[in-house]
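See below for upload_32.json, which holds JSON, C-alpha atoms.
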[["chain", "number", "residue", "atom", "x", "y", "z"],
["W", 1, "MET", "CA", 133.16, 125.26, 71.50],
["W", 2, "SER", "CA", 136.14, 123.49, 72.89],
["W", 3, "GLU", "CA", 136.55, 123.21, 76.61],
["W", 4, "ARG", "CA", 138.92, 125.70, 78.18],
["W", 5, "LYS", "CA", 140.54, 126.34, 81.50],
["W", 6, "THR", "CA", 142.81, 128.97, 82.97],
["W", 7, "ILE", "CA", 145.55, 128.35, 85.48],
["W", 8, "ASN", "CA", 147.44, 130.99, 87.44],
["W", 9, "LYS", "CA", 151.00, 130.01, 88.09],
["W", 10, "TRP", "CA", 154.20, 131.77, 88.94],
["W", 11, "PHE", "CA", 157.63, 130.94, 87.57],
["W", 12, "TRP", "CA", 160.85, 132.73, 88.39],
["W", 13, "VAL", "CA", 162.79, 133.93, 85.38],
["W", 14, "TRP", "CA", 165.45, 131.25, 85.83],
["W", 15, "GLU", "CA", 162.73, 128.61, 85.73],
["W", 16, "PHE", "CA", 161.78, 129.19, 82.12],
["W", 17, "ASP", "CA", 162.82, 125.65, 81.19],
["W", 18, "LYS", "CA", 160.69, 124.29, 84.03],
["W", 19, "GLU", "CA", 157.81, 126.42, 82.74],
["W", 20, "GLU", "CA", 158.24, 124.95, 79.27],
["W", 21, "ARG", "CA", 158.35, 121.44, 80.68],
["W", 22, "TRP", "CA", 155.13, 122.09, 82.60],
["W", 23, "LEU", "CA", 153.38, 123.43, 79.49],
["W", 24, "ASN", "CA", 154.40, 120.29, 77.58],
["W", 25, "GLU", "CA", 153.20, 118.07, 80.42],
["W", 26, "MET", "CA", 149.84, 119.86, 80.20],
["W", 27, "ALA", "CA", 149.79, 119.14, 76.44],
["W", 28, "MET", "CA", 150.56, 115.48, 77.18],
["W", 29, "GLN", "CA", 147.50, 115.45, 79.44],
["W", 30, "GLY", "CA", 145.33, 116.88, 76.68],
["W", 31, "TRP", "CA", 145.54, 120.58, 77.51],
["W", 32, "ALA", "CA", 147.13, 122.73, 74.83],
["W", 33, "LEU", "CA", 148.23, 126.24, 75.67],
["W", 34, "CYS", "CA", 146.15, 128.74, 73.71],
["W", 35, "GLY", "CA", 146.63, 132.02, 75.55],
["W", 36, "VAL", "CA", 149.10, 133.65, 77.90],
["W", 37, "GLY", "CA", 148.98, 136.56, 80.30],
["W", 38, "PHE", "CA", 150.95, 137.68, 83.32],
["W", 39, "CYS", "CA", 151.17, 134.51, 85.46],
["W", 40, "ARG", "CA", 148.09, 133.26, 83.62],
["W", 41, "TYR", "CA", 147.88, 130.37, 81.23],
["W", 42, "THR", "CA", 144.81, 129.43, 79.21],
["W", 43, "PHE", "CA", 144.46, 125.93, 77.85],
["W", 44, "GLU", "CA", 142.08, 124.27, 75.44],
["W", 45, "ARG", "CA", 141.27, 120.61, 75.07],
["W", 46, "CYS", "CA", 143.47, 118.72, 72.63],
["W", 47, "GLU", "CA", 144.46, 115.16, 71.93],
["W", 48, "PRO", "CA", 147.04, 114.14, 74.53],
["W", 49, "GLY", "CA", 150.45, 114.94, 73.08],
["W", 50, "GLU", "CA", 149.01, 116.77, 70.09],
["W", 51, "TYR", "CA", 151.25, 119.80, 70.55],
["W", 52, "THR", "CA", 154.81, 120.72, 71.42],
["W", 53, "VAL", "CA", 155.09, 124.07, 73.22],
["W", 54, "ARG", "CA", 158.14, 126.32, 73.15],
["W", 55, "LEU", "CA", 158.90, 129.67, 74.73],
["W", 56, "GLU", "CA", 161.73, 132.12, 74.54],
["W", 57, "MET", "CA", 162.75, 135.62, 75.47],
["W", 58, "ARG", "CA", 163.17, 137.70, 72.36],
["W", 59, "LYS", "CA", 162.29, 141.17, 71.25],
["W", 60, "TYR", "CA", 158.96, 140.85, 69.44],
["W", 61, "ASP", "CA", 159.70, 140.64, 65.75],
["W", 62, "PRO", "CA", 156.83, 140.05, 63.28],
["W", 63, "GLU", "CA", 159.38, 138.72, 60.76],
["W", 64, "TYR", "CA", 160.37, 136.01, 63.20],
["W", 65, "VAL", "CA", 156.79, 135.10, 63.97],
["W", 66, "SER", "CA", 155.96, 134.80, 60.27],
["W", 67, "PHE", "CA", 159.10, 132.73, 59.69],
["W", 68, "LEU", "CA", 158.01, 130.32, 62.39],
["W", 69, "SER", "CA", 154.50, 130.15, 60.97],
["W", 70, "GLU", "CA", 156.05, 129.12, 57.65],
["W", 71, "ILE", "CA", 157.51, 126.08, 59.33],
["W", 72, "GLY", "CA", 154.20, 125.25, 60.94],
["W", 73, "ALA", "CA", 154.56, 126.79, 64.39],
["W", 74, "GLU", "CA", 151.63, 128.70, 65.78],
["W", 75, "TYR", "CA", 152.21, 131.93, 67.70],
["W", 76, "ILE", "CA", 150.24, 131.86, 70.95],
["W", 77, "GLY", "CA", 151.13, 135.21, 72.45],
["W", 78, "ARG", "CA", 153.62, 137.05, 74.54],
["W", 79, "VAL", "CA", 154.10, 138.35, 78.05],
["W", 80, "VAL", "CA", 156.49, 141.30, 78.11],
["W", 81, "SER", "CA", 159.38, 139.89, 76.06],
["W", 82, "TRP", "CA", 158.57, 136.20, 76.43],
["W", 83, "ILE", "CA", 156.95, 134.67, 73.39],
["W", 84, "TYR", "CA", 155.10, 131.37, 73.19],
["W", 85, "PHE", "CA", 154.68, 129.00, 70.27],
["W", 86, "ARG", "CA", 153.15, 125.60, 69.71],
["W", 87, "LYS", "CA", 153.40, 123.14, 66.90],
["W", 88, "ARG", "CA", 151.60, 119.91, 66.09],
["W", 89, "ALA", "CA", 153.73, 117.03, 67.28],
["W", 90, "GLU", "CA", 152.81, 114.92, 64.24],
["W", 91, "ASP", "CA", 154.57, 117.50, 62.01],
["W", 92, "GLY", "CA", 157.88, 116.50, 63.55],
["W", 93, "PRO", "CA", 160.01, 117.69, 66.46],
["W", 94, "PHE", "CA", 159.91, 121.36, 67.33],
["W", 95, "ASP", "CA", 162.98, 123.04, 68.77],
["W", 96, "LEU", "CA", 163.89, 126.67, 68.74],
["W", 97, "PHE", "CA", 167.54, 126.34, 69.72],
["W", 98, "ASP", "CA", 170.65, 124.33, 69.22],
["W", 99, "LEU", "CA", 173.49, 124.56, 71.73],
["W", 100, "ASP", "CA", 174.91, 127.87, 70.43],
["W", 101, "ALA", "CA", 171.50, 129.48, 70.30],
["W", 102, "LYS", "CA", 170.73, 128.28, 73.83],
["W", 103, "ILE", "CA", 173.84, 130.04, 75.07],
["W", 104, "ASP", "CA", 172.87, 133.11, 73.12],
["W", 105, "HIS", "CA", 169.38, 133.00, 74.62],
["W", 106, "LEU", "CA", 170.77, 132.84, 78.15],
["W", 107, "SER", "CA", 173.04, 135.80, 77.35],
["W", 108, "ARG", "CA", 170.01, 137.79, 76.24],
["W", 109, "ILE", "CA", 168.21, 137.01, 79.48],
["W", 110, "ALA", "CA", 171.33, 137.87, 81.50],
["W", 111, "ARG", "CA", 171.67, 141.21, 79.73],
["W", 112, "MET", "CA", 168.07, 142.09, 80.49],
["W", 113, "LEU", "CA", 168.53, 141.17, 84.18],
["W", 114, "TRP", "CA", 171.68, 143.28, 84.36],
["W", 115, "ILE", "CA", 169.95, 146.35, 82.99],
["W", 116, "ILE", "CA", 166.86, 146.10, 85.21],
["W", 117, "GLY", "CA", 168.98, 145.12, 88.21],
["W", 118, "LEU", "CA", 171.33, 148.04, 87.78],
["W", 119, "ALA", "CA", 168.44, 150.46, 87.30],
["W", 120, "ASN", "CA", 166.87, 149.23, 90.54],
["W", 121, "LEU", "CA", 170.14, 149.54, 92.37],
["W", 122, "LEU", "CA", 170.62, 153.15, 91.22],
["W", 123, "ILE", "CA", 167.02, 154.15, 91.93],
["W", 124, "GLY", "CA", 167.28, 152.38, 95.29],
["W", 125, "ILE", "CA", 170.38, 154.33, 96.25],
["W", 126, "VAL", "CA", 168.93, 157.66, 95.15],
["W", 127, "ASN", "CA", 165.67, 157.00, 97.02],
["W", 128, "THR", "CA", 167.48, 155.89, 100.15],
["W", 129, "LEU", "CA", 169.60, 159.04, 100.15],
["W", 130, "ASN", "CA", 166.44, 161.11, 99.78],
["W", 131, "VAL", "CA", 165.22, 159.57, 103.07],
["W", 132, "SER", "CA", 162.07, 158.05, 101.67],
["W", 133, "GLY", "CA", 161.62, 154.46, 102.80],
["W", 134, "ILE", "CA", 160.72, 153.32, 99.31],
["W", 135, "GLY", "CA", 164.36, 152.83, 98.33],
["W", 136, "VAL", "CA", 164.41, 149.55, 100.27],
["W", 137, "ILE", "CA", 161.98, 148.02, 97.78],
["W", 138, "ASN", "CA", 164.25, 148.86, 94.88],
["W", 139, "LEU", "CA", 167.25, 147.47, 96.71],
["W", 140, "LEU", "CA", 165.36, 144.23, 97.40],
["W", 141, "CYS", "CA", 164.39, 144.05, 93.74],
["W", 142, "ALA", "CA", 168.00, 144.59, 92.75],
["W", 143, "THR", "CA", 169.10, 141.78, 95.07],
["W", 144, "LEU", "CA", 166.52, 139.40, 93.63],
["W", 145, "LEU", "CA", 167.49, 140.32, 90.08],
["W", 146, "MET", "CA", 171.16, 139.72, 90.85],
["W", 147, "TYR", "CA", 170.25, 136.33, 92.28],
["W", 148, "ALA", "CA", 168.34, 135.54, 89.07],
["W", 149, "LEU", "CA", 171.36, 136.65, 87.08],
["W", 150, "GLY", "CA", 173.51, 134.20, 89.03],
["W", 151, "ARG", "CA", 171.13, 131.33, 88.27],
["W", 152, "ILE", "CA", 171.07, 132.20, 84.57],
["W", 153, "GLU", "CA", 174.86, 132.55, 84.42],
["W", 154, "GLY", "CA", 175.19, 129.16, 86.08],
["W", 155, "LYS", "CA", 173.06, 127.55, 83.39],
["W", 156, "LYS", "CA", 175.03, 129.35, 80.72],
["W", 157, "GLU", "CA", 178.36, 128.23, 82.12],
["W", 158, "ALA", "CA", 177.31, 124.58, 82.03],
["W", 159, "LEU", "CA", 176.40, 124.93, 78.36],
["W", 160, "VAL", "CA", 179.58, 126.80, 77.49],
["W", 161, "ARG", "CA", 181.60, 123.97, 79.00],
["W", 162, "GLU", "CA", 179.63, 121.53, 76.90],
["W", 163, "ARG", "CA", 180.20, 123.69, 73.84],
["W", 164, "GLU", "CA", 183.95, 123.39, 74.23],
["W", 165, "LEU", "CA", 183.64, 119.73, 73.33],
["W", 166, "HIS", "CA", 180.55, 119.60, 71.20],
["W", 167, "GLU", "CA", 178.78, 121.57, 68.60],
["L", 1, "MET", "CA", 184.49, 137.14, 61.16],
["L", 2, "ASN", "CA", 187.16, 134.88, 59.82],
["L", 3, "ASN", "CA", 186.06, 132.95, 56.74],
["L", 4, "ASP", "CA", 188.63, 130.23, 57.36],
["L", 5, "LEU", "CA", 186.94, 129.05, 60.53],
["L", 6, "ALA", "CA", 185.14, 125.74, 60.44],
["L", 7, "LEU", "CA", 181.44, 125.88, 59.66],
["L", 8, "THR", "CA", 178.98, 124.56, 62.19],
["L", 9, "GLU", "CA", 177.07, 121.50, 61.16],
["L", 10, "ALA", "CA", 173.93, 123.61, 60.90],
["L", 11, "THR", "CA", 175.57, 126.17, 58.62],
["L", 12, "TYR", "CA", 177.06, 123.44, 56.47],
["L", 13, "TYR", "CA", 173.70, 121.77, 55.91],
["L", 14, "ILE", "CA", 171.89, 125.05, 55.35],
["L", 15, "LEU", "CA", 174.37, 125.97, 52.62],
["L", 16, "LEU", "CA", 174.21, 122.50, 51.08],
["L", 17, "SER", "CA", 170.42, 122.65, 51.00],
["L", 18, "LEU", "CA", 170.52, 125.94, 49.16],
["L", 19, "VAL", "CA", 172.16, 124.75, 45.95],
["L", 20, "GLU", "CA", 168.51, 124.87, 44.91],
["L", 21, "PRO", "CA", 166.12, 127.64, 45.97],
["L", 22, "ARG", "CA", 164.33, 126.69, 49.18],
["L", 23, "HIS", "CA", 162.27, 128.31, 51.90],
["L", 24, "GLY", "CA", 162.80, 127.82, 55.63],
["L", 25, "TYR", "CA", 160.80, 124.65, 56.02],
["L", 26, "GLY", "CA", 162.32, 123.21, 52.84],
["L", 27, "ILE", "CA", 165.80, 123.78, 54.27],
["L", 28, "MET", "CA", 164.90, 121.93, 57.47],
["L", 29, "GLN", "CA", 163.49, 118.99, 55.52],
["L", 30, "GLN", "CA", 166.44, 118.83, 53.15],
["L", 31, "ALA", "CA", 169.00, 118.97, 55.96],
["L", 32, "GLU", "CA", 167.19, 116.14, 57.71],
["L", 33, "ALA", "CA", 166.99, 114.09, 54.51],
["L", 34, "LEU", "CA", 170.65, 114.65, 53.60],
["L", 35, "SER", "CA", 171.82, 113.55, 57.03],
["L", 36, "GLY", "CA", 169.55, 110.54, 57.18],
["L", 37, "GLY", "CA", 167.41, 112.14, 59.86],
["L", 38, "ARG", "CA", 170.31, 113.00, 62.14],
["L", 39, "VAL", "CA", 170.49, 116.78, 61.72],
["L", 40, "ARG", "CA", 167.38, 118.60, 62.84],
["L", 41, "LEU", "CA", 167.76, 122.35, 62.45],
["L", 42, "ALA", "CA", 166.28, 124.29, 65.32],
["L", 43, "ALA", "CA", 163.87, 126.99, 64.14],
["L", 44, "GLY", "CA", 165.41, 129.92, 66.01],
["L", 45, "THR", "CA", 168.90, 128.87, 64.98],
["L", 46, "LEU", "CA", 167.87, 128.63, 61.35],
["L", 47, "TYR", "CA", 166.24, 132.05, 61.45],
["L", 48, "GLY", "CA", 169.38, 133.65, 62.86],
["L", 49, "ALA", "CA", 171.68, 131.75, 60.50],
["L", 50, "LEU", "CA", 169.70, 132.80, 57.41],
["L", 51, "SER", "CA", 170.01, 136.47, 58.22],
["L", 52, "SER", "CA", 173.75, 136.20, 59.02],
["L", 53, "LEU", "CA", 174.37, 134.24, 55.83],
["L", 54, "CYS", "CA", 172.51, 136.86, 53.80],
["L", 55, "GLU", "CA", 174.62, 139.57, 55.43],
["L", 56, "LYS", "CA", 177.80, 137.73, 54.47],
["L", 57, "GLU", "CA", 176.37, 137.25, 50.97],
["L", 58, "TRP", "CA", 176.85, 133.50, 51.09],
["L", 59, "ILE", "CA", 173.17, 133.16, 50.27],
["L", 60, "LEU", "CA", 170.61, 135.58, 48.91],
["L", 61, "LEU", "CA", 166.93, 136.16, 49.39],
["L", 62, "LEU", "CA", 165.08, 135.54, 46.14],
["L", 63, "PRO", "CA", 162.41, 138.03, 45.07],
["L", 64, "THR", "CA", 159.09, 136.66, 46.30],
["L", 65, "THR", "CA", 156.88, 135.22, 43.61],
["L", 66, "GLU", "CA", 153.30, 136.36, 43.42],
["L", 67, "GLY", "CA", 150.80, 134.42, 45.48],
["L", 68, "SER", "CA", 153.49, 133.11, 47.80],
["L", 69, "ARG", "CA", 154.56, 134.94, 50.91],
["L", 70, "LYS", "CA", 157.18, 132.37, 51.82],
["L", 71, "LYS", "CA", 160.71, 133.64, 51.55],
["L", 72, "GLU", "CA", 163.05, 131.64, 49.36],
["L", 73, "TYR", "CA", 166.81, 131.63, 49.59],
["L", 74, "MET", "CA", 169.61, 130.43, 47.35],
["L", 75, "LEU", "CA", 173.38, 129.90, 47.50],
["L", 76, "THR", "CA", 175.61, 132.59, 45.95],
["L", 77, "GLU", "CA", 178.92, 132.15, 44.15],
["L", 78, "ARG", "CA", 180.70, 133.15, 47.34],
["L", 79, "GLY", "CA", 178.70, 130.64, 49.39],
["L", 80, "TYR", "CA", 179.60, 127.95, 46.89],
["L", 81, "ARG", "CA", 183.32, 128.66, 47.38],
["L", 82, "VAL", "CA", 182.89, 128.52, 51.16],
["L", 83, "LEU", "CA", 181.24, 125.11, 50.83],
["L", 84, "LYS", "CA", 184.05, 123.86, 48.59],
["L", 85, "ASN", "CA", 186.66, 124.95, 51.14],
["L", 86, "GLU", "CA", 184.73, 123.32, 53.94],
["L", 87, "LEU", "CA", 184.56, 120.09, 51.99],
["L", 88, "GLU", "CA", 188.36, 120.20, 51.66],
["L", 89, "ARG", "CA", 188.69, 120.67, 55.40],
["L", 90, "LEU", "CA", 186.30, 117.81, 56.16],
["L", 91, "ARG", "CA", 188.20, 115.55, 53.78],
["L", 92, "GLU", "CA", 191.37, 116.32, 55.68],
["L", 93, "LEU", "CA", 189.67, 115.42, 58.97],
["L", 94, "VAL", "CA", 188.49, 112.11, 57.55],
["L", 95, "ILE", "CA", 191.89, 111.26, 56.07],
["L", 96, "SER", "CA", 193.68, 112.05, 59.35],
["L", 97, "GLY", "CA", 191.22, 109.88, 61.25],
["L", 98, "GLU", "CA", 191.50, 106.99, 58.85],
["L", 99, "THR", "CA", 195.28, 107.16, 58.77],
["L", 100, "ILE", "CA", 195.52, 106.87, 62.53],
["L", 101, "LEU", "CA", 192.55, 104.66, 63.39],
["L", 102, "GLY", "CA", 192.70, 102.55, 60.21],
["L", 103, "GLY", "CA", 196.08, 101.23, 61.32],
["L", 104, "LEU", "CA", 194.77, 100.37, 64.79],
["L", 105, "GLU", "CA", 191.80, 98.29, 63.76],
["L", 106, "LYS", "CA", 191.75, 94.52, 63.23]]
For the file at hand, write its structure as structure tokens.
Amino acid sequence: MSERKTINKWFWVWEFDKEERWLNEMAMQGWALCGVGFCRYTFERCEPGEYTVRLEMRKYDPEYVSFLSEIGAEYIGRVVSWIYFRKRAEDGPFDLFDLDAKIDHLSRIARMLWIIGLANLLIGIVNTLNVSGIGVINLLCATLLMYALGRIEGKKEALVRERELHE
Amino acid sequence: MNNDLALTEATYYILLSLVEPRHGYGIMQQAEALSGGRVRLAAGTLYGALSSLCEKEWILLLPTTEGSRKKEYMLTERGYRVLKNELERLRELVISGETILGGLEK
């Protein structure tokens, strides 16, 4: 039985790259991600630097998962629409995106934030009009989601500017 | 989508790799080999590109052989023409560059 440990940690949606960096730092220290849950990460002992970990937001698609397994990436799990993969570092570099796909990924995240944000705004307004105090929570959620959207759009804009010059 | 637009480097190498039947990992390896290790196709990008290229009928998915569940792809006649056109375009880029910069050197 290999040694395991679980860490609870919270990342905001716009911190997904920070989350990925952290997971790779853990792998560098000899802890490979082997399970994910809501704000919960399970690691197992590995050789330091044995794995590269990648995550992305994408509608779960078994075709995609089997495609990635063909190229040697192991599916770890998913939390809502975030999916996690790892691949042995000795099998070569592991990247999910080039520049265009990174922009596309950020657009997907932005679209999701828009939809949930707008839904919260509408529900918030309806609830506020119906004099129940609960509407405030929805309005706060909507504000937070719009803030997240701003952060994601900012990241996207930087990449789009880069894309004008480079492929 | 306009077929006269320049291909991305990734698309170009995917198409070039598929003059012979190859599966996903084979494409990545071939692209890396052809470019002397410079071009590393990103997995998600490759996945998306393969399905768009199939849709455009520049490549096709070969019927899976028994005992193998890996999907193999190959260039179509149409894809071959696209590659030829792209090669023409790239040649023009190189010639323009050499004409201007060649005169400046030394």
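If you look at atom CA of W:Glu162 and atom CA of W:Asp104, they are 13.9 Å away from each other.
The residue that comes closest to W:Lys9, out of W:Leu144, W:Leu23, W:Met57, W:Val131 and on the basis of only C-alpha atoms, is W:Leu23.
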Checklist entry - Mind pulling up the distance from atom CA of L:Leu15 to atom CA of L:Glu57? => result 11.6 Å
Next on the checklist: Taking all atoms listed in the file into account and nothing else, which residues of chain L lie no more than 9 Å away from chain W? Please answer as an MDAnalysis selection string.
Outcome noted: chainID L and resid 8:10 23:26 28 40:48 70:71
Checklist entry - Which polymer residues have any atom within 7 Å of an atom of W:Leu121, counting only C-alpha atoms, with same-chain residues fewer than 5 positions away left out, as a list in words? => result Asn138, Leu139 and Ala142 of chain W
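A straight line drawn from atom CA of W:Glu47 to atom CA of W:Tyr75 is 19.0 Å long.
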Checklist entry - Could you name the residues that touch stretch 50-56 of chain L at 9 Å or less, counting only C-alpha atoms, but leaving out those on the same chain fewer than 6 positions away, as a PyMOL selection string? => result chain L and resi 11+14-15+24+73+78-79
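Non-sequential neighbours of L:Leu18 (distance at most 8 Å, separation of 2 or more positions within a chain, all atoms listed in the file) are Ile14, Leu15, Leu16, Glu20, Pro21, Arg22, Ile27, Ile59, Tyr73, Met74 and Leu75 of chain L.
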Listing only residues of stretch 70-118 of chain W within 12 Å of stretch 25-30 of chain W, what is the closest atom pair and its distance in Å (to one decimal) for each, using all atoms listed in the file, sorted by chain and residue number ascending, as a tab-separated table?
residue	atom	partner	partner_atom	distance
W:Arg86	CA	W:Ala27	CA	9.9
W:Lys87	CA	W:Ala27	CA	11.0
W:Arg88	CA	W:Ala27	CA	10.5
W:Ala89	CA	W:Ala27	CA	10.2
Item to check | Near-W:Tyr60 list (10 Å; only C-alpha atoms; drop same-chain fewer than 5 positions) as a PyMOL selection string | outcome: chain W and resi 65+78+80-83
Next on the checklist: Env of stretch 85-88 of chain L: 8 Å cut, atoms = all atoms listed in the file, seq-sep filter 3 positions within chain, self excluded. Answer as a VMD selection string.
Outcome noted: chain L and resid 6 to 7 81 to 82 91 to 92
Report, as AutoDock Vina command-line options, the centre and edge lengths in Å (one decimal) of the axis-aligned box enclosing every listed atom of stretch 65-77 of chain L, padded by 5 Å on each side.
--center_x 164.9 --center_y 133.1 --center_z 47.6 --size_x 38.1 --size_y 16.5 --size_z 18.4
